[in-house]
Every structure is written in C-alpha cells, then in structure tokens.
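Participant: The following block contains the structure, expressed as structure tokens.
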Amino acid sequence: MANEYLKKIKHFRILVMGRANAGKTTILQRVCNSMDEPEIFDGKGNKVWTCRVTDSPECFQRGYHDIQHELVFRSNPGFVFHDSCGFEAGCAQEFDQMRNFVTERAVTTRVNERIHAIWFCIPMTDCHRTVTAAEQKFFNECDTRHVPVIVLVTKGDAMYVEAIQQLEDEGFEIKEVPEMVVAKKEGELRDKCLGHVKHKLDRCKFPPKGYVSLQRMHQEDADCTSLMECTANMLNEEGLQRLLISTQQSSIGICVKYAVDK
C-alpha cells in the first residue's frame, strides 16, 4: 500500500520561506544546478509568470505570485517549490493564507499536491536580530507536526567581515593574519549565530526538526550536500527519502552514501 502511494508522487514538493534577501532564489538555483530563473505555474500546468533572478527581492518575494503557485526550474523539474510570499512583513492575511496552506498541504489526500518539507531561511546578515517576531510567530502558531521544517541559516559568509573586525579589535594586523585564523574566527561566529537561532526556536510550540548553516551559495559550485542530507534524515518515510535523493542533482556523493547506508 505504501509503495502504491509513493508511486503516485511525481515531484518532491518544498515550501520555501524566509524574509526578503534571505538568499532563497540562490539556494534553489544551487539545488537545481541552474543559473536560470524558475518558471511559475498555477498548479494546473498553466504558466503564470517567469521570475527573473535580476528582479528585486520584493519582486520575487511579494505579490507577483501566491503561495499556491509552483516554481519549477527547467534543469530539474522533479522539484516543485512554493514561496511563502512575504508573510514575514507582518500581514495577518498573508500569515493566515500561509498557515492554511501548510496545514492543508501537509496532509491532503491528493498525494501529488502534498508538501514534503519546509525550508525556512534565516540570514546571518544581522546576527543581532536573527530571529524576528514574525518568525517566532510561525513556529508558535503554525502546526507543522505533519511536515518537517528545516531552518536554513543562510549567508554565513557575512560573518567574514565581522571576523575581520573582531580580529582587528583584538589587536591583530589583518595583513599578517593567516587565512586559517580568519576562517576559525568566522566559524566561531557562525556557530554562535546558529546557537542563538536554535535557542530561540527550540523553545517554540512547533520547533524546527533540523538546522543547516549555508554559506557562499552565490558560487556556482556551492555544496548543498548538508542541506540534502538534513532534509532526507528528517523525512519519516524511506520512500520519500529515495524520492528526494533521486531528484536532487547537487551531490553525487549523497546518492552513493545513501545507497551504501541502505
């Protein structure tokens, strides 16, 4: 019965959430091995609008398509993405629409419309306000018990500048500091920021299932292995794990690792 159910699923479907400038589009491009823009469909196969990656974040984030619309990359149509469309800005109506979408799509009997994971992007660009009130509202009021939520702490490379500043404050002459010392300080700052996010969100009513720190996603060869592994590990059905692993194209290593482990 489970195998028959899984055979009906044609796509791995992910809801992507996060405030503007969280790096969502870039992450999806890396996951799908693409530099192109996603195409947008209305759920019935009709193209709605093509989002250009050169458009402003607000263009992608708010108002030009709704959460029901499907974002698909030509390079990997096995993934279907949905965007939360800006509830983070504090609009009550958009929050209610998003919450209804999550609760309905997590358990719908129309299995090919069910969302399998949520990626919630939180940027490190402002570590002092890493978790906003709107984000805490989501994890306290949106029931995600039927779909795993993975927090993607994005733009970790923003910690490089802060690492340099802290080393200068400590009396180092930056031109003479080995790169490995800078990298160590950068890693410490990322860990601290990630720890702050975990501390805030793990106390919520519906906390995330997992956390992943991502950096340098703007690079074409950026590694998405940790994201794929975390997402696969949070899925509660082996069939869905296989679907995700076979759909993703960003890491051959995870395919090999999964085959060996299973």
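Residue names in the structure tokens use chain letters A, B, ... in the order shown, residue numbers from 1 in each chain, and ligand numbers from 1 in the order shown.
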Find the spatial neighbours of Pro38 of chain A, counting only C-alpha atoms, within a cut-off of 6 Å - ignore same-chain residues fewer than 5 positions away - and output them as JSON, numbers by chain.
Facilitator: {"A": [71, 72, 73]}
Participant: How would the residues just picked look written out with N, CA and C atoms as a CSV table (one decimal), in the first residue's frame?
Facilitator:
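After the write, again-v8.csv holds the following:
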chain,number,residue,atom,x,y,z
A,71,LEU,N,6.9,26.9,-8.4
A,71,LEU,CA,8.1,27.3,-9.0
A,71,LEU,C,8.9,26.1,-9.5
A,72,VAL,N,9.3,26.1,-10.7
A,72,VAL,CA,9.9,24.9,-11.3
A,72,VAL,C,11.1,25.4,-12.2
A,73,PHE,N,12.3,24.7,-12.0
A,73,PHE,CA,13.4,25.0,-12.8
A,73,PHE,C,13.5,24.0,-13.9
Participant: Using backbone DSSP assignments, extract all helix (DSSP H, G or I) residues from segment 169-208 of chain A; output them as a list in words.
Facilitator: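 Selecting the helix (DSSP H, G or I) positions of segment 169-208 of chain A gives Asp169, Ile174, Lys175, Glu176, Glu179, Met180, Val181, Val182, Ala183, Lys184, Lys185, Glu186, Gly187, Glu188, Leu189, Arg190, Asp191, Lys192, Cys193, Leu194, Gly195, His196, Val197, Lys198, His199, Lys200 and Leu201 of chain A.
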Participant: Determine, counting only C-alpha atoms, which protein, DNA and RNA residues have an atom within 8 Å of an atom of segment 111-118 of chain A; residues of the same chain fewer than 5 positions away are not included. Present the result as a ChimeraX atom specification.
Facilitator: /A:5,8-17,102,105-106,147-150,231,235,240
Participant: Keeping N, CA and C atoms for every residue in the selection just given, could you write it to a file as a PDB file, in the first residue's frame?
Facilitator:
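The file below, again_3.pdb, is the result:
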ATOM      1  N   TYR A   5       1.188   4.174  -2.921  1.00  0.00           N
ATOM      2  CA  TYR A   5       1.005   5.586  -2.596  1.00  0.00           C
ATOM      3  C   TYR A   5       2.175   6.406  -3.111  1.00  0.00           C
ATOM      4  N   LYS A   8       2.491   7.287  -6.878  1.00  0.00           N
ATOM      5  CA  LYS A   8       1.643   8.360  -7.389  1.00  0.00           C
ATOM      6  C   LYS A   8       2.305   9.732  -7.270  1.00  0.00           C
ATOM      7  N   ILE A   9       3.381   9.813  -6.511  1.00  0.00           N
ATOM      8  CA  ILE A   9       4.042  11.096  -6.287  1.00  0.00           C
ATOM      9  C   ILE A   9       5.031  11.361  -7.421  1.00  0.00           C
ATOM     10  N   LYS A  10       4.785  12.424  -8.164  1.00  0.00           N
ATOM     11  CA  LYS A  10       5.611  12.727  -9.336  1.00  0.00           C
ATOM     12  C   LYS A  10       6.722  13.726  -9.036  1.00  0.00           C
ATOM     13  N   HIS A  11       6.572  14.512  -7.964  1.00  0.00           N
ATOM     14  CA  HIS A  11       7.538  15.557  -7.652  1.00  0.00           C
ATOM     15  C   HIS A  11       7.831  15.587  -6.157  1.00  0.00           C
ATOM     16  N   PHE A  12       9.022  16.054  -5.818  1.00  0.00           N
ATOM     17  CA  PHE A  12       9.316  16.347  -4.420  1.00  0.00           C
ATOM     18  C   PHE A  12       8.992  17.818  -4.222  1.00  0.00           C
ATOM     19  N   ARG A  13       8.048  18.088  -3.319  1.00  0.00           N
ATOM     20  CA  ARG A  13       7.465  19.420  -3.194  1.00  0.00           C
ATOM     21  C   ARG A  13       7.930  20.083  -1.893  1.00  0.00           C
ATOM     22  N   ILE A  14       8.462  21.303  -2.009  1.00  0.00           N
ATOM     23  CA  ILE A  14       9.041  22.016  -0.868  1.00  0.00           C
ATOM     24  C   ILE A  14       8.464  23.429  -0.777  1.00  0.00           C
ATOM     25  N   LEU A  15       8.040  23.811   0.406  1.00  0.00           N
ATOM     26  CA  LEU A  15       7.664  25.200   0.679  1.00  0.00           C
ATOM     27  C   LEU A  15       8.900  25.923   1.182  1.00  0.00           C
ATOM     28  N   VAL A  16       9.258  27.023   0.519  1.00  0.00           N
ATOM     29  CA  VAL A  16      10.429  27.801   0.890  1.00  0.00           C
ATOM     30  C   VAL A  16       9.967  29.095   1.534  1.00  0.00           C
ATOM     31  N   MET A  17      10.490  29.364   2.727  1.00  0.00           N
ATOM     32  CA  MET A  17      10.045  30.520   3.491  1.00  0.00           C
ATOM     33  C   MET A  17      11.235  31.377   3.893  1.00  0.00           C
ATOM     34  N   VAL A 102      -0.076  25.344   4.732  1.00  0.00           N
ATOM     35  CA  VAL A 102       0.759  24.339   5.397  1.00  0.00           C
ATOM     36  C   VAL A 102      -0.096  23.219   5.978  1.00  0.00           C
ATOM     37  N   ARG A 105      -1.860  21.263   2.941  1.00  0.00           N
ATOM     38  CA  ARG A 105      -0.983  20.540   2.015  1.00  0.00           C
ATOM     39  C   ARG A 105      -0.131  19.488   2.718  1.00  0.00           C
ATOM     40  N   ALA A 106       0.007  19.561   4.015  1.00  0.00           N
ATOM     41  CA  ALA A 106       0.803  18.568   4.732  1.00  0.00           C
ATOM     42  C   ALA A 106       0.087  17.227   4.825  1.00  0.00           C
ATOM     43  N   VAL A 147       4.781  17.811   8.732  1.00  0.00           N
ATOM     44  CA  VAL A 147       5.757  18.095   7.679  1.00  0.00           C
ATOM     45  C   VAL A 147       7.032  18.630   8.335  1.00  0.00           C
ATOM     46  N   PRO A 148       8.193  18.083   8.003  1.00  0.00           N
ATOM     47  CA  PRO A 148       9.418  18.533   8.665  1.00  0.00           C
ATOM     48  C   PRO A 148       9.839  19.928   8.204  1.00  0.00           C
ATOM     49  N   VAL A 149      10.220  20.762   9.171  1.00  0.00           N
ATOM     50  CA  VAL A 149      10.729  22.096   8.882  1.00  0.00           C
ATOM     51  C   VAL A 149      12.225  22.118   9.160  1.00  0.00           C
ATOM     52  N   ILE A 150      12.990  22.507   8.172  1.00  0.00           N
ATOM     53  CA  ILE A 150      14.438  22.641   8.333  1.00  0.00           C
ATOM     54  C   ILE A 150      14.783  24.122   8.226  1.00  0.00           C
ATOM     55  N   THR A 231      17.622  17.225   5.100  1.00  0.00           N
ATOM     56  CA  THR A 231      16.233  17.067   4.663  1.00  0.00           C
ATOM     57  C   THR A 231      15.859  15.595   4.585  1.00  0.00           C
ATOM     58  N   LEU A 235      12.854  13.198   6.958  1.00  0.00           N
ATOM     59  CA  LEU A 235      11.665  12.578   6.376  1.00  0.00           C
ATOM     60  C   LEU A 235      11.354  11.273   7.107  1.00  0.00           C
ATOM     61  N   LEU A 240      10.041   8.460   0.567  1.00  0.00           N
ATOM     62  CA  LEU A 240      10.244   9.888   0.325  1.00  0.00           C
ATOM     63  C   LEU A 240      11.732  10.234   0.329  1.00  0.00           C
TER      64      LEU A 240
END
Participant: So, with only C-alpha atoms as the atoms that count, which of A:Gly239, A:Glu70, A:Glu162, A:Pro77 lies closest to Lys47 of chain A?
Facilitator: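 The shortest atom-to-atom distance to Lys47 of chain A comes from A:Glu70.
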Participant: Give one line per residue of segment 134-157 of chain A that approaches segment 205-218 of chain A to at most 7 Å, naming the two atoms of the closest pair and their distance in Å to one decimal, counting only C-alpha atoms; sort by chain then ascending residue number and deliver it as JSON lines.
Facilitator:
{"residue": "A:Phe139", "atom": "CA", "partner": "A:Phe206", "partner_atom": "CA", "distance": 5.1}
{"residue": "A:Asn140", "atom": "CA", "partner": "A:Lys205", "partner_atom": "CA", "distance": 4.7}
{"residue": "A:Asp143", "atom": "CA", "partner": "A:Phe206", "partner_atom": "CA", "distance": 6.3}
{"residue": "A:Thr144", "atom": "CA", "partner": "A:Phe206", "partner_atom": "CA", "distance": 6.4}
{"residue": "A:Pro148", "atom": "CA", "partner": "A:Lys209", "partner_atom": "CA", "distance": 5.8}
{"residue": "A:Val149", "atom": "CA", "partner": "A:Pro208", "partner_atom": "CA", "distance": 5.0}
{"residue": "A:Ile150", "atom": "CA", "partner": "A:Gly210", "partner_atom": "CA", "distance": 4.7}
{"residue": "A:Val151", "atom": "CA", "partner": "A:Tyr211", "partner_atom": "CA", "distance": 4.8}
{"residue": "A:Leu152", "atom": "CA", "partner": "A:Val212", "partner_atom": "CA", "distance": 5.0}
{"residue": "A:Val153", "atom": "CA", "partner": "A:Ser213", "partner_atom": "CA", "distance": 4.7}
{"residue": "A:Thr154", "atom": "CA", "partner": "A:Leu214", "partner_atom": "CA", "distance": 5.0}
{"residue": "A:Lys155", "atom": "CA", "partner": "A:Gln215", "partner_atom": "CA", "distance": 5.1}
{"residue": "A:Gly156", "atom": "CA", "partner": "A:Gln215", "partner_atom": "CA", "distance": 4.4}
{"residue": "A:Asp157", "atom": "CA", "partner": "A:Gln215", "partner_atom": "CA", "distance": 5.2}
Participant: Nearest residue to His146 of chain A out of A:Glu237, A:Glu168, A:Glu229, A:Asp36, using only C-alpha atoms?
Facilitator: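 Going through A:Glu237, A:Glu168, A:Glu229, A:Asp36 one by one, the smallest distance to His146 of chain A is for A:Glu237.
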Participant: For Val131 of chain A, please output as a list in words all residues within 9 Å (counting only C-alpha atoms; exclusion window: fewer than 6 positions along the same chain).
Facilitator: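 Everything that qualifies: Ile122, His196, Val197, Lys200 and Leu201 of chain A.
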Participant: Can you write out the residues you just picked, keeping N, CA and C atoms, as a short mmCIF file (atom, residue, chain, number, x, y, z; two decimals), in the first residue's frame?
Facilitator:
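Saved to out-v2.cif:
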data_model
loop_
_atom_site.label_atom_id
_atom_site.label_comp_id
_atom_site.auth_asym_id
_atom_site.auth_seq_id
_atom_site.Cartn_x
_atom_site.Cartn_y
_atom_site.Cartn_z
N ILE A 122 16.78 31.86 7.24
CA ILE A 122 17.06 32.97 8.15
C ILE A 122 18.49 33.44 7.88
N HIS A 196 22.29 30.85 18.63
CA HIS A 196 21.27 31.84 19.01
C HIS A 196 19.93 31.49 18.36
N VAL A 197 19.96 31.11 17.08
CA VAL A 197 18.73 30.74 16.37
C VAL A 197 18.09 29.51 17.03
N LYS A 200 16.38 30.30 20.36
CA LYS A 200 15.10 30.99 20.20
C LYS A 200 14.00 30.06 19.71
N LEU A 201 14.31 29.27 18.70
CA LEU A 201 13.26 28.50 18.04
C LEU A 201 12.96 27.17 18.71
#
Participant: Measuring atom to atom with only C-alpha atoms, identify which of A:Glu188, A:Glu39, A:Glu220, A:Glu141 is nearest to Met159 of chain A.
Facilitator: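 Smallest separation from Met159 of chain A among the options: A:Glu188.
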